[in-house]
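Have a look at structure.cif; it's mmCIF, C-alpha atoms:
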data_work
loop_
_atom_site.group_PDB
_atom_site.id
_atom_site.type_symbol
_atom_site.label_atom_id
_atom_site.label_comp_id
_atom_site.auth_asym_id
_atom_site.auth_seq_id
_atom_site.Cartn_x
_atom_site.Cartn_y
_atom_site.Cartn_z
ATOM 1 C CA MET A 5 -20.232 -7.551 -4.857
ATOM 2 C CA LYS A 6 -21.447 -9.558 -7.822
ATOM 3 C CA ILE A 7 -23.400 -7.946 -10.605
ATOM 4 C CA ASN A 8 -24.717 -9.749 -13.657
ATOM 5 C CA VAL A 9 -25.216 -7.823 -16.866
ATOM 6 C CA HIS A 10 -27.463 -9.538 -19.399
ATOM 7 C CA VAL A 11 -26.956 -8.317 -22.951
ATOM 8 C CA THR A 12 -29.612 -9.315 -25.486
ATOM 9 C CA LEU A 13 -30.363 -8.356 -29.063
ATOM 10 C CA LYS A 14 -33.185 -5.867 -29.501
ATOM 11 C CA THR A 15 -36.503 -7.186 -30.745
ATOM 12 C CA GLY A 16 -36.566 -7.312 -34.517
ATOM 13 C CA VAL A 17 -32.785 -7.560 -34.901
ATOM 14 C CA LEU A 18 -31.964 -10.707 -36.874
ATOM 15 C CA ASP A 19 -30.013 -13.249 -34.815
ATOM 16 C CA PRO A 20 -28.380 -15.733 -37.204
ATOM 17 C CA GLN A 21 -26.626 -17.527 -34.328
ATOM 18 C CA GLY A 22 -29.910 -18.009 -32.484
ATOM 19 C CA LYS A 23 -31.421 -19.392 -35.677
ATOM 20 C CA ALA A 24 -28.551 -21.867 -36.086
ATOM 21 C CA ILE A 25 -28.980 -23.025 -32.483
ATOM 22 C CA HIS A 26 -32.705 -23.422 -33.107
ATOM 23 C CA HIS A 27 -32.025 -25.600 -36.162
ATOM 24 C CA ALA A 28 -29.505 -27.671 -34.196
ATOM 25 C CA LEU A 29 -32.041 -28.264 -31.414
ATOM 26 C CA GLU A 30 -34.573 -29.412 -34.004
ATOM 27 C CA GLY A 31 -31.918 -31.656 -35.514
ATOM 28 C CA LEU A 32 -31.442 -33.286 -32.108
ATOM 29 C CA GLY A 33 -35.149 -34.050 -32.029
ATOM 30 C CA PHE A 34 -36.266 -31.392 -29.533
ATOM 31 C CA ALA A 35 -39.763 -30.378 -30.593
ATOM 32 C CA GLY A 36 -41.780 -27.388 -29.473
ATOM 33 C CA VAL A 37 -38.999 -24.767 -29.530
ATOM 34 C CA ASN A 38 -40.550 -21.699 -31.138
ATOM 35 C CA ASP A 39 -37.563 -19.384 -31.269
ATOM 36 C CA VAL A 40 -33.998 -19.017 -29.958
ATOM 37 C CA ARG A 41 -32.199 -15.733 -29.263
ATOM 38 C CA GLN A 42 -28.587 -15.750 -28.130
ATOM 39 C CA GLY A 43 -27.256 -13.124 -25.756
ATOM 40 C CA LYS A 44 -24.382 -12.635 -23.341
ATOM 41 C CA LEU A 45 -24.032 -12.787 -19.590
ATOM 42 C CA ILE A 46 -21.246 -10.608 -18.203
ATOM 43 C CA GLU A 47 -20.383 -11.218 -14.556
ATOM 44 C CA LEU A 48 -18.855 -8.268 -12.735
ATOM 45 C CA ASP A 49 -17.259 -8.324 -9.321
ATOM 46 C CA VAL A 50 -17.233 -4.707 -8.114
ATOM 47 C CA ASP A 51 -16.487 -2.774 -4.934
ATOM 48 C CA GLU A 52 -19.406 -1.993 -2.615
ATOM 49 C CA GLY A 53 -19.127 1.685 -3.534
ATOM 50 C CA VAL A 54 -19.895 1.141 -7.237
ATOM 51 C CA GLY A 55 -23.410 2.450 -7.747
ATOM 52 C CA ASP A 56 -26.156 1.703 -10.229
ATOM 53 C CA GLU A 57 -25.374 4.768 -12.284
ATOM 54 C CA GLU A 58 -21.787 3.687 -12.791
ATOM 55 C CA VAL A 59 -22.831 0.200 -13.878
ATOM 56 C CA GLU A 60 -25.342 1.786 -16.260
ATOM 57 C CA ALA A 61 -22.515 3.864 -17.720
ATOM 58 C CA MET A 62 -20.379 0.726 -18.156
ATOM 59 C CA CYS A 63 -23.225 -0.874 -20.088
ATOM 60 C CA ARG A 64 -23.798 2.111 -22.339
ATOM 61 C CA LYS A 65 -20.122 2.842 -22.979
ATOM 62 C CA LEU A 66 -18.837 -0.668 -23.556
ATOM 63 C CA LEU A 67 -20.717 -3.763 -22.432
ATOM 64 C CA ALA A 68 -23.671 -3.316 -24.801
ATOM 65 C CA ASN A 69 -23.895 -1.736 -28.229
ATOM 66 C CA ILE A 70 -27.131 0.156 -27.712
ATOM 67 C CA VAL A 71 -27.679 0.420 -31.481
ATOM 68 C CA ILE A 72 -28.582 -3.268 -31.569
ATOM 69 C CA GLU A 73 -28.572 -4.541 -27.990
ATOM 70 C CA ASN A 74 -30.508 -4.149 -24.745
ATOM 71 C CA TYR A 75 -28.983 -4.701 -21.338
ATOM 72 C CA ARG A 76 -30.393 -5.662 -17.971
ATOM 73 C CA ILE A 77 -28.477 -5.227 -14.726
ATOM 74 C CA GLU A 78 -29.091 -7.850 -12.077
ATOM 75 C CA ARG A 79 -27.769 -7.912 -8.544
ATOM 76 C CA PRO A 80 -28.065 -11.561 -7.601
ATOM 77 C CA MET B 25 0.231 13.325 -48.833
ATOM 78 C CA LYS B 26 0.853 12.345 -45.222
ATOM 79 C CA THR B 27 -0.910 9.179 -44.158
ATOM 80 C CA ALA B 28 -1.022 7.012 -41.055
ATOM 81 C CA VAL B 29 -2.190 3.475 -40.429
ATOM 82 C CA ILE B 30 -3.394 2.637 -36.926
ATOM 83 C CA VAL B 31 -2.236 -0.774 -35.735
ATOM 84 C CA TYR B 32 -4.087 -2.733 -33.030
ATOM 85 C CA PRO B 33 -3.219 -6.110 -31.558
ATOM 86 C CA GLY B 34 -4.862 -8.487 -34.024
ATOM 87 C CA SER B 35 -4.813 -6.180 -37.051
ATOM 88 C CA ASN B 36 -3.798 -8.257 -40.063
ATOM 89 C CA CYS B 37 -4.446 -6.012 -43.059
ATOM 90 C CA ASP B 38 -2.252 -3.171 -41.833
ATOM 91 C CA ARG B 39 0.644 -4.179 -44.080
ATOM 92 C CA ASP B 40 -1.639 -4.447 -47.127
ATOM 93 C CA MET B 41 -2.930 -0.962 -46.344
ATOM 94 C CA ILE B 42 0.613 0.383 -45.896
ATOM 95 C CA THR B 43 1.687 -1.136 -49.223
ATOM 96 C CA ALA B 44 -1.333 0.336 -51.015
ATOM 97 C CA LEU B 45 -0.777 3.798 -49.540
ATOM 98 C CA ARG B 46 2.969 3.739 -50.250
ATOM 99 C CA ASP B 47 2.351 2.542 -53.796
ATOM 100 C CA VAL B 48 -0.293 5.138 -54.660
ATOM 101 C CA THR B 49 0.940 8.159 -52.670
ATOM 102 C CA GLY B 50 4.655 7.537 -53.151
ATOM 103 C CA VAL B 51 5.239 8.345 -49.469
ATOM 104 C CA GLU B 52 5.800 5.840 -46.660
ATOM 105 C CA PRO B 53 2.766 5.835 -44.323
ATOM 106 C CA LEU B 54 3.354 6.212 -40.588
ATOM 107 C CA ARG B 55 2.408 3.273 -38.387
ATOM 108 C CA ILE B 56 0.654 4.320 -35.214
ATOM 109 C CA TRP B 57 0.327 1.852 -32.346
ATOM 110 C CA HIS B 58 -3.092 1.930 -30.685
ATOM 111 C CA ARG B 59 -1.638 2.918 -27.288
ATOM 112 C CA GLU B 60 -0.584 6.326 -28.623
ATOM 113 C CA THR B 61 -2.620 9.224 -27.307
ATOM 114 C CA GLU B 62 -1.572 11.776 -29.899
ATOM 115 C CA LEU B 63 -1.268 11.713 -33.669
ATOM 116 C CA PRO B 64 1.495 13.441 -35.640
ATOM 117 C CA ASP B 65 0.664 16.907 -37.000
ATOM 118 C CA GLY B 66 -0.357 17.440 -40.585
ATOM 119 C CA LEU B 67 -1.942 14.082 -41.357
ATOM 120 C CA ASP B 68 -4.116 14.050 -44.480
ATOM 121 C CA LEU B 69 -5.485 10.527 -44.052
ATOM 122 C CA ILE B 70 -5.840 8.081 -41.191
ATOM 123 C CA ALA B 71 -6.484 4.467 -42.188
ATOM 124 C CA ILE B 72 -8.023 1.950 -39.805
ATOM 125 C CA PRO B 73 -7.108 -1.446 -41.252
ATOM 126 C CA GLY B 74 -8.868 -4.782 -41.326
ATOM 127 C CA GLY B 75 -8.187 -7.759 -39.133
ATOM 128 C CA PHE B 76 -9.393 -9.164 -35.858
ATOM 129 C CA SER B 77 -8.427 -6.504 -33.336
ATOM 130 C CA TYR B 78 -8.476 -7.936 -29.818
ATOM 131 C CA GLY B 79 -9.661 -11.231 -31.277
ATOM 132 C CA ASP B 80 -13.132 -9.740 -31.829
ATOM 133 C CA TYR B 81 -13.669 -9.978 -28.050
ATOM 134 C CA LEU B 82 -17.049 -8.694 -26.815
ATOM 135 C CA ARG B 83 -18.071 -7.478 -30.301
ATOM 136 C CA SER B 84 -16.004 -6.963 -33.460
ATOM 137 C CA GLY B 85 -14.203 -3.645 -33.092
ATOM 138 C CA ALA B 86 -15.574 -2.955 -29.594
ATOM 139 C CA MET B 87 -12.279 -3.075 -27.730
ATOM 140 C CA ALA B 88 -10.261 -1.258 -30.413
ATOM 141 C CA ALA B 89 -12.872 1.521 -30.500
ATOM 142 C CA ARG B 90 -12.068 2.254 -26.838
ATOM 143 C CA SER B 91 -8.289 2.140 -27.198
ATOM 144 C CA PRO B 92 -6.318 5.311 -26.335
ATOM 145 C CA VAL B 93 -5.596 6.411 -29.917
ATOM 146 C CA MET B 94 -9.287 6.619 -30.817
ATOM 147 C CA ARG B 95 -9.835 9.878 -28.947
ATOM 148 C CA ALA B 96 -7.194 11.496 -31.166
ATOM 149 C CA VAL B 97 -8.710 9.865 -34.265
ATOM 150 C CA GLY B 98 -12.126 11.258 -33.296
ATOM 151 C CA GLU B 99 -10.694 14.741 -32.810
ATOM 152 C CA ALA B 100 -8.882 14.562 -36.165
ATOM 153 C CA ALA B 101 -12.096 13.442 -37.886
ATOM 154 C CA GLU B 102 -13.876 16.385 -36.274
ATOM 155 C CA ARG B 103 -11.242 18.730 -37.754
ATOM 156 C CA GLY B 104 -11.919 17.280 -41.191
ATOM 157 C CA VAL B 105 -8.992 14.863 -41.558
ATOM 158 C CA ALA B 106 -9.990 11.974 -43.857
ATOM 159 C CA VAL B 107 -10.485 8.663 -42.063
ATOM 160 C CA LEU B 108 -10.788 5.388 -43.976
ATOM 161 C CA GLY B 109 -11.928 2.254 -42.134
ATOM 162 C CA VAL B 110 -11.868 -1.032 -44.006
ATOM 163 C CA CYS B 111 -13.539 -4.214 -42.739
ATOM 164 C CA ASN B 112 -12.555 -4.387 -39.041
ATOM 165 C CA GLY B 113 -11.810 -0.676 -39.483
ATOM 166 C CA PHE B 114 -15.471 -0.098 -40.433
ATOM 167 C CA GLN B 115 -16.552 -2.091 -37.375
ATOM 168 C CA ILE B 116 -14.238 -0.004 -35.179
ATOM 169 C CA LEU B 117 -15.594 3.280 -36.606
ATOM 170 C CA THR B 118 -19.213 2.274 -35.887
ATOM 171 C CA GLU B 119 -18.298 1.057 -32.394
ATOM 172 C CA ALA B 120 -16.500 4.359 -31.770
ATOM 173 C CA GLY B 121 -19.593 6.295 -32.851
ATOM 174 C CA LEU B 122 -17.795 7.962 -35.778
ATOM 175 C CA LEU B 123 -20.252 6.265 -38.132
ATOM 176 C CA PRO B 124 -23.869 5.275 -37.383
ATOM 177 C CA GLY B 125 -25.242 1.731 -37.226
ATOM 178 C CA ALA B 126 -23.608 -1.579 -36.378
ATOM 179 C CA LEU B 127 -22.020 -4.531 -38.175
ATOM 180 C CA MET B 128 -23.536 -7.807 -37.086
ATOM 181 C CA ARG B 129 -22.890 -11.477 -37.788
ATOM 182 C CA ASN B 130 -23.451 -12.268 -41.497
ATOM 183 C CA ALA B 131 -27.074 -13.311 -42.031
ATOM 184 C CA GLY B 132 -25.911 -16.624 -43.509
ATOM 185 C CA ILE B 133 -23.707 -17.200 -40.420
ATOM 186 C CA ARG B 134 -20.704 -18.179 -42.541
ATOM 187 C CA PHE B 135 -17.558 -16.188 -43.124
ATOM 188 C CA VAL B 136 -17.721 -14.657 -46.607
ATOM 189 C CA GLY B 137 -14.404 -14.432 -48.476
ATOM 190 C CA ARG B 138 -14.675 -13.792 -52.196
ATOM 191 C CA ASP B 139 -14.672 -11.105 -54.876
ATOM 192 C CA VAL B 140 -17.942 -9.179 -54.912
ATOM 193 C CA ALA B 141 -19.495 -6.706 -57.308
ATOM 194 C CA VAL B 142 -20.097 -3.394 -55.596
ATOM 195 C CA LYS B 143 -21.956 -0.417 -57.012
ATOM 196 C CA VAL B 144 -20.558 3.058 -56.440
ATOM 197 C CA GLU B 145 -23.625 4.941 -55.203
ATOM 198 C CA ASN B 146 -22.095 8.342 -54.666
ATOM 199 C CA ALA B 147 -18.981 9.502 -56.483
ATOM 200 C CA GLY B 148 -19.029 12.876 -54.738
ATOM 201 C CA SER B 149 -16.714 12.108 -51.824
ATOM 202 C CA ALA B 150 -12.923 12.314 -51.781
ATOM 203 C CA PHE B 151 -12.930 8.514 -51.441
ATOM 204 C CA THR B 152 -15.007 7.887 -54.546
ATOM 205 C CA ALA B 153 -13.978 10.826 -56.737
ATOM 206 C CA ARG B 154 -12.225 8.621 -59.297
ATOM 207 C CA TYR B 155 -15.290 6.418 -59.799
ATOM 208 C CA GLN B 156 -18.467 7.142 -61.734
ATOM 209 C CA ALA B 157 -21.748 7.165 -59.818
ATOM 210 C CA GLY B 158 -23.569 3.947 -60.671
ATOM 211 C CA GLU B 159 -20.379 2.218 -61.786
ATOM 212 C CA GLU B 160 -19.921 -1.393 -60.749
ATOM 213 C CA ILE B 161 -16.522 -2.426 -59.444
ATOM 214 C CA VAL B 162 -15.239 -5.772 -58.181
ATOM 215 C CA ILE B 163 -13.238 -5.975 -54.958
ATOM 216 C CA PRO B 164 -12.782 -8.721 -52.362
ATOM 217 C CA VAL B 165 -14.623 -9.108 -49.085
ATOM 218 C CA ALA B 166 -13.405 -11.263 -46.199
ATOM 219 C CA HIS B 167 -15.553 -11.004 -43.097
ATOM 220 C CA HIS B 168 -17.790 -12.739 -40.610
ATOM 221 C CA ASP B 169 -19.488 -9.651 -39.227
ATOM 222 C CA GLY B 170 -20.357 -7.479 -42.208
ATOM 223 C CA ASN B 171 -24.109 -7.379 -41.883
ATOM 224 C CA TYR B 172 -24.777 -3.629 -41.656
ATOM 225 C CA GLN B 173 -27.803 -2.707 -39.581
ATOM 226 C CA ALA B 174 -29.299 0.568 -38.410
ATOM 227 C CA ASP B 175 -32.833 1.718 -37.634
ATOM 228 C CA ALA B 176 -35.068 2.719 -40.550
ATOM 229 C CA GLU B 177 -34.760 6.406 -39.731
ATOM 230 C CA THR B 178 -30.945 6.255 -39.878
ATOM 231 C CA LEU B 179 -31.034 4.271 -43.133
ATOM 232 C CA ASP B 180 -33.427 6.800 -44.684
ATOM 233 C CA ARG B 181 -31.159 9.629 -43.592
ATOM 234 C CA LEU B 182 -28.089 7.913 -45.104
ATOM 235 C CA GLU B 183 -29.984 7.449 -48.378
ATOM 236 C CA GLY B 184 -31.376 10.990 -48.370
ATOM 237 C CA GLU B 185 -28.031 12.608 -47.672
ATOM 238 C CA GLY B 186 -26.223 10.530 -50.293
ATOM 239 C CA ARG B 187 -24.033 8.940 -47.632
ATOM 240 C CA ILE B 188 -24.207 5.397 -48.967
ATOM 241 C CA ALA B 189 -20.903 5.216 -50.827
ATOM 242 C CA PHE B 190 -21.028 1.563 -51.918
ATOM 243 C CA ARG B 191 -23.773 -1.026 -52.224
ATOM 244 C CA TYR B 192 -23.425 -4.771 -52.916
ATOM 245 C CA SER B 193 -24.812 -5.611 -56.353
ATOM 246 C CA GLY B 194 -26.091 -8.954 -55.062
ATOM 247 C CA GLU B 195 -26.724 -10.602 -51.711
ATOM 248 C CA CYS B 196 -23.530 -10.691 -49.649
ATOM 249 C CA ASN B 197 -24.104 -10.749 -45.908
ATOM 250 C CA GLY B 198 -27.660 -9.613 -45.168
ATOM 251 C CA SER B 199 -26.794 -5.906 -44.870
ATOM 252 C CA ALA B 200 -29.749 -3.545 -44.684
ATOM 253 C CA ARG B 201 -30.349 -2.103 -48.150
ATOM 254 C CA ASP B 202 -27.229 -3.952 -49.355
ATOM 255 C CA ILE B 203 -24.990 -1.312 -47.775
ATOM 256 C CA ALA B 204 -21.275 -2.024 -48.250
ATOM 257 C CA GLY B 205 -19.879 1.368 -47.256
ATOM 258 C CA ILE B 206 -21.055 4.674 -45.804
ATOM 259 C CA VAL B 207 -19.613 8.094 -45.126
ATOM 260 C CA GLY B 208 -20.038 10.151 -41.960
ATOM 261 C CA GLU B 209 -21.928 13.428 -41.705
ATOM 262 C CA GLY B 210 -18.929 15.537 -42.663
ATOM 263 C CA GLY B 211 -18.143 13.342 -45.675
ATOM 264 C CA ASN B 212 -14.540 12.829 -44.496
ATOM 265 C CA VAL B 213 -15.009 9.463 -42.753
ATOM 266 C CA LEU B 214 -15.630 6.347 -44.854
ATOM 267 C CA GLY B 215 -16.282 2.853 -43.534
ATOM 268 C CA MET B 216 -16.523 -0.076 -45.947
ATOM 269 C CA MET B 217 -16.454 -3.859 -45.636
ATOM 270 C CA PRO B 218 -14.815 -4.665 -49.030
ATOM 271 C CA HIS B 219 -11.025 -4.375 -49.199
ATOM 272 C CA PRO B 220 -9.859 -1.797 -51.783
ATOM 273 C CA GLU B 221 -6.242 -2.312 -50.613
ATOM 274 C CA ARG B 222 -6.406 -5.900 -51.884
ATOM 275 C CA ALA B 223 -7.187 -4.821 -55.442
ATOM 276 C CA ILE B 224 -4.349 -2.407 -56.237
ATOM 277 C CA GLU B 225 -2.051 -4.031 -58.760
ATOM 278 C CA PRO B 226 -2.390 -6.598 -61.586
ATOM 279 C CA ALA B 227 -0.784 -9.269 -59.386
ATOM 280 C CA HIS B 228 -3.825 -9.013 -57.099
ATOM 281 C CA GLY B 229 -5.985 -10.089 -60.025
ATOM 282 C CA ARG B 230 -7.996 -6.905 -59.764
ATOM 283 C CA THR B 231 -7.184 -3.200 -59.640
ATOM 284 C CA ASP B 232 -10.588 -1.619 -58.978
ATOM 285 C CA GLY B 233 -9.557 -0.615 -55.462
ATOM 286 C CA ARG B 234 -6.673 1.518 -56.672
ATOM 287 C CA ARG B 235 -8.861 4.408 -57.779
ATOM 288 C CA LEU B 236 -10.143 4.889 -54.229
ATOM 289 C CA PHE B 237 -6.599 5.762 -53.146
ATOM 290 C CA GLU B 238 -5.897 7.762 -56.325
ATOM 291 C CA GLY B 239 -9.011 9.816 -55.651
ATOM 292 C CA LEU B 240 -7.757 10.552 -52.146
ATOM 293 C CA VAL B 241 -4.371 11.655 -53.461
ATOM 294 C CA GLU B 242 -6.110 13.954 -55.926
ATOM 295 C CA ALA B 243 -8.452 15.410 -53.307
ATOM 296 C CA LEU B 244 -5.982 15.661 -50.428
ATOM 297 C CA GLY B 245 -2.754 16.310 -52.283
#
Give the structure from this file in structure tokens form.
Amino acid sequence: MKINVHVTLKTGVLDPQGKAIHHALEGLGFAGVNDVRQGKLIELDVDEGVGDEEVEAMCRKLLANIVIENYRIERP
Amino acid sequence: MKTAVIVYPGSNCDRDMITALRDVTGVEPLRIWHRETELPDGLDLIAIPGGFSYGDYLRSGAMAARSPVMRAVGEAAERGVAVLGVCNGFQILTEAGLLPGALMRNAGIRFVGRDVAVKVENAGSAFTARYQAGEEIVIPVAHHDGNYQADAETLDRLEGEGRIAFRYSGECNGSARDIAGIVGEGGNVLGMMPHPERAIEPAHGRTDGRRLFEGLVEALG
């Protein structure tokens, strides 16, 4: 079973990498981009028996640093 | 004084730390591989060295913070054993929850490697006992992820409890309130981005880091 975990920086946390990407897009001539935030997509392949709670625990214990990051679990 | 240096795959300042500890304490530090689940009895100081443990995979320090030895390090810290984390060691201690906050990508994106002026904010800990409060020292930094961040409440608590050990005298990496090093609640865990072990002897060009280790020897015997 595939599970996607999206890890993103919390609102208000400075994202220097996102800013650099934004500047690079502008440098390539792409107009109208208001902001860029960079996150991570972690793709898990887990057994059928692995429940939501366990995936939540994986996120809190390792996949995301909840001091600065949010996570969203998606079952595609 | 009995000291140990934890070594992870990708540590690269472990030998500098060992040399500094041997030089100042006069006793050979133990090297502890990260797969160990127990620490030797009677340790006075555990040092978590700088480097790029696990290649900074996932987040700097994230993988090392979950390695087997960290449970024992956490238990030792709880018992009051002094723990010093430098650079990647600071990142590992925050990731392990032994210190609050997080170390993010430098605000200016670039790796910062140079000597920096750092103000000793609190000279009351075993780590800073040989410095004067308010004194400015110069020690090197070498990091990409040294931008210390925590929520306002945590920062206020660190300030209020005198737990900010070192502050950058000028802009370095975007750290909240220019924080360069903090101590944990018990005062026995210190995390700092600058490298005191690289400023030990005249050949290093600077010796301001030496007093950190001398203070520890004095406090811990």
Taking only residues of chain A that have an atom at most 7 Å from an atom of chain B, what is each one's shortest atom pair and its distance in Å to one decimal, using all atoms listed in the file, in chain and number order, as CSV?
residue,atom,partner,partner_atom,distance
A:Pro20,CA,B:Ala131,CA,5.6
A:Gln21,CA,B:Ile133,CA,6.8
A:Val71,CA,B:Gly125,CA,6.4
Just the selected residues (C-alpha atoms), exported as a short mmCIF file (atom, residue, chain, number, x, y, z; two decimals), in the frame of the given file, please.
data_model
loop_
_atom_site.label_atom_id
_atom_site.label_comp_id
_atom_site.auth_asym_id
_atom_site.auth_seq_id
_atom_site.Cartn_x
_atom_site.Cartn_y
_atom_site.Cartn_z
CA PRO A 20 -28.38 -15.73 -37.20
CA GLN A 21 -26.63 -17.53 -34.33
CA VAL A 71 -27.68 0.42 -31.48
#
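Here the PyMOL selection byres ((chain B and resi 154-161) around 9) catches exactly these residues: Val140, Ala141, Val142, Lys143, Val144, Glu145, Asn146, Ala147, Gly148, Ala150, Phe151, Thr152, Ala153, Val162, Ile163, Ser193, Asp232, Gly233, Arg235, Leu236, Phe237, Glu238, Gly239, Leu240 and Glu242 of chain B.
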- Task: Might you pull out every residue within 7 Å of Ile72 of chain A, with only C-alpha atoms counted and same-chain residues fewer than 3 positions away left off, and present them as a ChimeraX atom specification?
- Result: /A:13-14,17,69
- Message: Assuming the chain letters and numbering stay as they are in my file, what does the PyMOL selection byres ((chain A and resi 64) around 12) actually select? List them as a list in words.
- Response: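 That selection, the PyMOL selection byres ((chain A and resi 64) around 12), comes back as Val9, Val11, Glu57, Glu58, Val59, Glu60, Ala61, Met62, Cys63, Lys65, Leu66, Leu67, Ala68, Asn69, Ile70, Val71, Ile72, Glu73, Asn74, Tyr75, Arg76 and Ile77 of chain A; Glu119 of chain B.
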- Task: Would you please work out which residue, of B:Ala223, B:Val241, B:Val165, B:Ile188, is nearest to Met41 of chain B when using all atoms listed in the file?
- Result: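 So, comparing all the options, the nearest one is B:Ala223.
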- For Glu185 of chain B, work out the shell of residues within 10 Å, counting all atoms listed in the file and skipping chain neighbours fewer than 5 positions away, then give it as a list of chain:residue names.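 Contacts, with the query itself left out: B:Leu179, B:Asp180, B:Val207, B:Glu209.
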- Care to translate the PyMOL selection byres ((chain B and resi 30) around 8) into actual residues of this file, as an MDAnalysis selection string? chainID B and resid 28:29 31:32 38 55:58 70:73
Selection from above, C-alpha atoms, as a tab-separated table (two decimals), in the frame of the given file, can you write it?
chain	number	residue	atom	x	y	z
B	28	ALA	CA	-1.02	7.01	-41.06
B	29	VAL	CA	-2.19	3.48	-40.43
B	31	VAL	CA	-2.24	-0.77	-35.74
B	32	TYR	CA	-4.09	-2.73	-33.03
B	38	ASP	CA	-2.25	-3.17	-41.83
B	55	ARG	CA	2.41	3.27	-38.39
B	56	ILE	CA	0.65	4.32	-35.21
B	57	TRP	CA	0.33	1.85	-32.35
B	58	HIS	CA	-3.09	1.93	-30.68
B	70	ILE	CA	-5.84	8.08	-41.19
B	71	ALA	CA	-6.48	4.47	-42.19
B	72	ILE	CA	-8.02	1.95	-39.80
B	73	PRO	CA	-7.11	-1.45	-41.25
Model the absent atoms of segment 27-42 of chain A so that N, CA and C atoms are present, and write the result as a PDB file, in the frame of the given file.
ATOM      1  N   HIS A  27     -32.067 -24.490 -35.200  1.00  0.00           N
ATOM      2  CA  HIS A  27     -32.025 -25.600 -36.162  1.00  0.00           C
ATOM      3  C   HIS A  27     -31.323 -26.819 -35.563  1.00  0.00           C
ATOM      4  N   ALA A  28     -30.249 -26.554 -34.796  1.00  0.00           N
ATOM      5  CA  ALA A  28     -29.505 -27.671 -34.196  1.00  0.00           C
ATOM      6  C   ALA A  28     -30.371 -28.399 -33.170  1.00  0.00           C
ATOM      7  N   LEU A  29     -31.139 -27.636 -32.401  1.00  0.00           N
ATOM      8  CA  LEU A  29     -32.041 -28.264 -31.414  1.00  0.00           C
ATOM      9  C   LEU A  29     -33.060 -29.149 -32.127  1.00  0.00           C
ATOM     10  N   GLU A  30     -33.603 -28.621 -33.227  1.00  0.00           N
ATOM     11  CA  GLU A  30     -34.573 -29.412 -34.004  1.00  0.00           C
ATOM     12  C   GLU A  30     -33.918 -30.674 -34.536  1.00  0.00           C
ATOM     13  N   GLY A  31     -32.651 -30.502 -34.989  1.00  0.00           N
ATOM     14  CA  GLY A  31     -31.918 -31.656 -35.514  1.00  0.00           C
ATOM     15  C   GLY A  31     -31.702 -32.734 -34.468  1.00  0.00           C
ATOM     16  N   LEU A  32     -31.624 -32.315 -33.199  1.00  0.00           N
ATOM     17  CA  LEU A  32     -31.442 -33.286 -32.108  1.00  0.00           C
ATOM     18  C   LEU A  32     -32.772 -33.898 -31.677  1.00  0.00           C
ATOM     19  N   GLY A  33     -33.844 -33.452 -32.318  1.00  0.00           N
ATOM     20  CA  GLY A  33     -35.149 -34.050 -32.029  1.00  0.00           C
ATOM     21  C   GLY A  33     -35.959 -33.322 -30.966  1.00  0.00           C
ATOM     22  N   PHE A  34     -35.477 -32.146 -30.518  1.00  0.00           N
ATOM     23  CA  PHE A  34     -36.266 -31.392 -29.533  1.00  0.00           C
ATOM     24  C   PHE A  34     -37.385 -30.648 -30.253  1.00  0.00           C
ATOM     25  N   ALA A  35     -38.619 -31.018 -29.943  1.00  0.00           N
ATOM     26  CA  ALA A  35     -39.763 -30.378 -30.593  1.00  0.00           C
ATOM     27  C   ALA A  35     -40.283 -29.256 -29.699  1.00  0.00           C
ATOM     28  N   GLY A  36     -41.084 -28.396 -30.272  1.00  0.00           N
ATOM     29  CA  GLY A  36     -41.780 -27.388 -29.473  1.00  0.00           C
ATOM     30  C   GLY A  36     -40.964 -26.154 -29.152  1.00  0.00           C
ATOM     31  N   VAL A  37     -39.774 -26.009 -29.730  1.00  0.00           N
ATOM     32  CA  VAL A  37     -38.999 -24.767 -29.530  1.00  0.00           C
ATOM     33  C   VAL A  37     -39.443 -23.767 -30.593  1.00  0.00           C
ATOM     34  N   ASN A  38     -39.998 -22.655 -30.167  1.00  0.00           N
ATOM     35  CA  ASN A  38     -40.550 -21.699 -31.138  1.00  0.00           C
ATOM     36  C   ASN A  38     -39.501 -20.730 -31.663  1.00  0.00           C
ATOM     37  N   ASP A  39     -38.558 -20.358 -30.836  1.00  0.00           N
ATOM     38  CA  ASP A  39     -37.563 -19.384 -31.269  1.00  0.00           C
ATOM     39  C   ASP A  39     -36.367 -19.446 -30.320  1.00  0.00           C
ATOM     40  N   VAL A  40     -35.192 -19.080 -30.810  1.00  0.00           N
ATOM     41  CA  VAL A  40     -33.998 -19.017 -29.958  1.00  0.00           C
ATOM     42  C   VAL A  40     -33.305 -17.682 -30.214  1.00  0.00           C
ATOM     43  N   ARG A  41     -32.977 -16.975 -29.165  1.00  0.00           N
ATOM     44  CA  ARG A  41     -32.199 -15.733 -29.263  1.00  0.00           C
ATOM     45  C   ARG A  41     -30.976 -15.905 -28.377  1.00  0.00           C
ATOM     46  N   GLN A  42     -29.807 -15.596 -28.913  1.00  0.00           N
ATOM     47  CA  GLN A  42     -28.587 -15.750 -28.130  1.00  0.00           C
ATOM     48  C   GLN A  42     -28.125 -14.394 -27.605  1.00  0.00           C
TER      49      GLN A  42
END
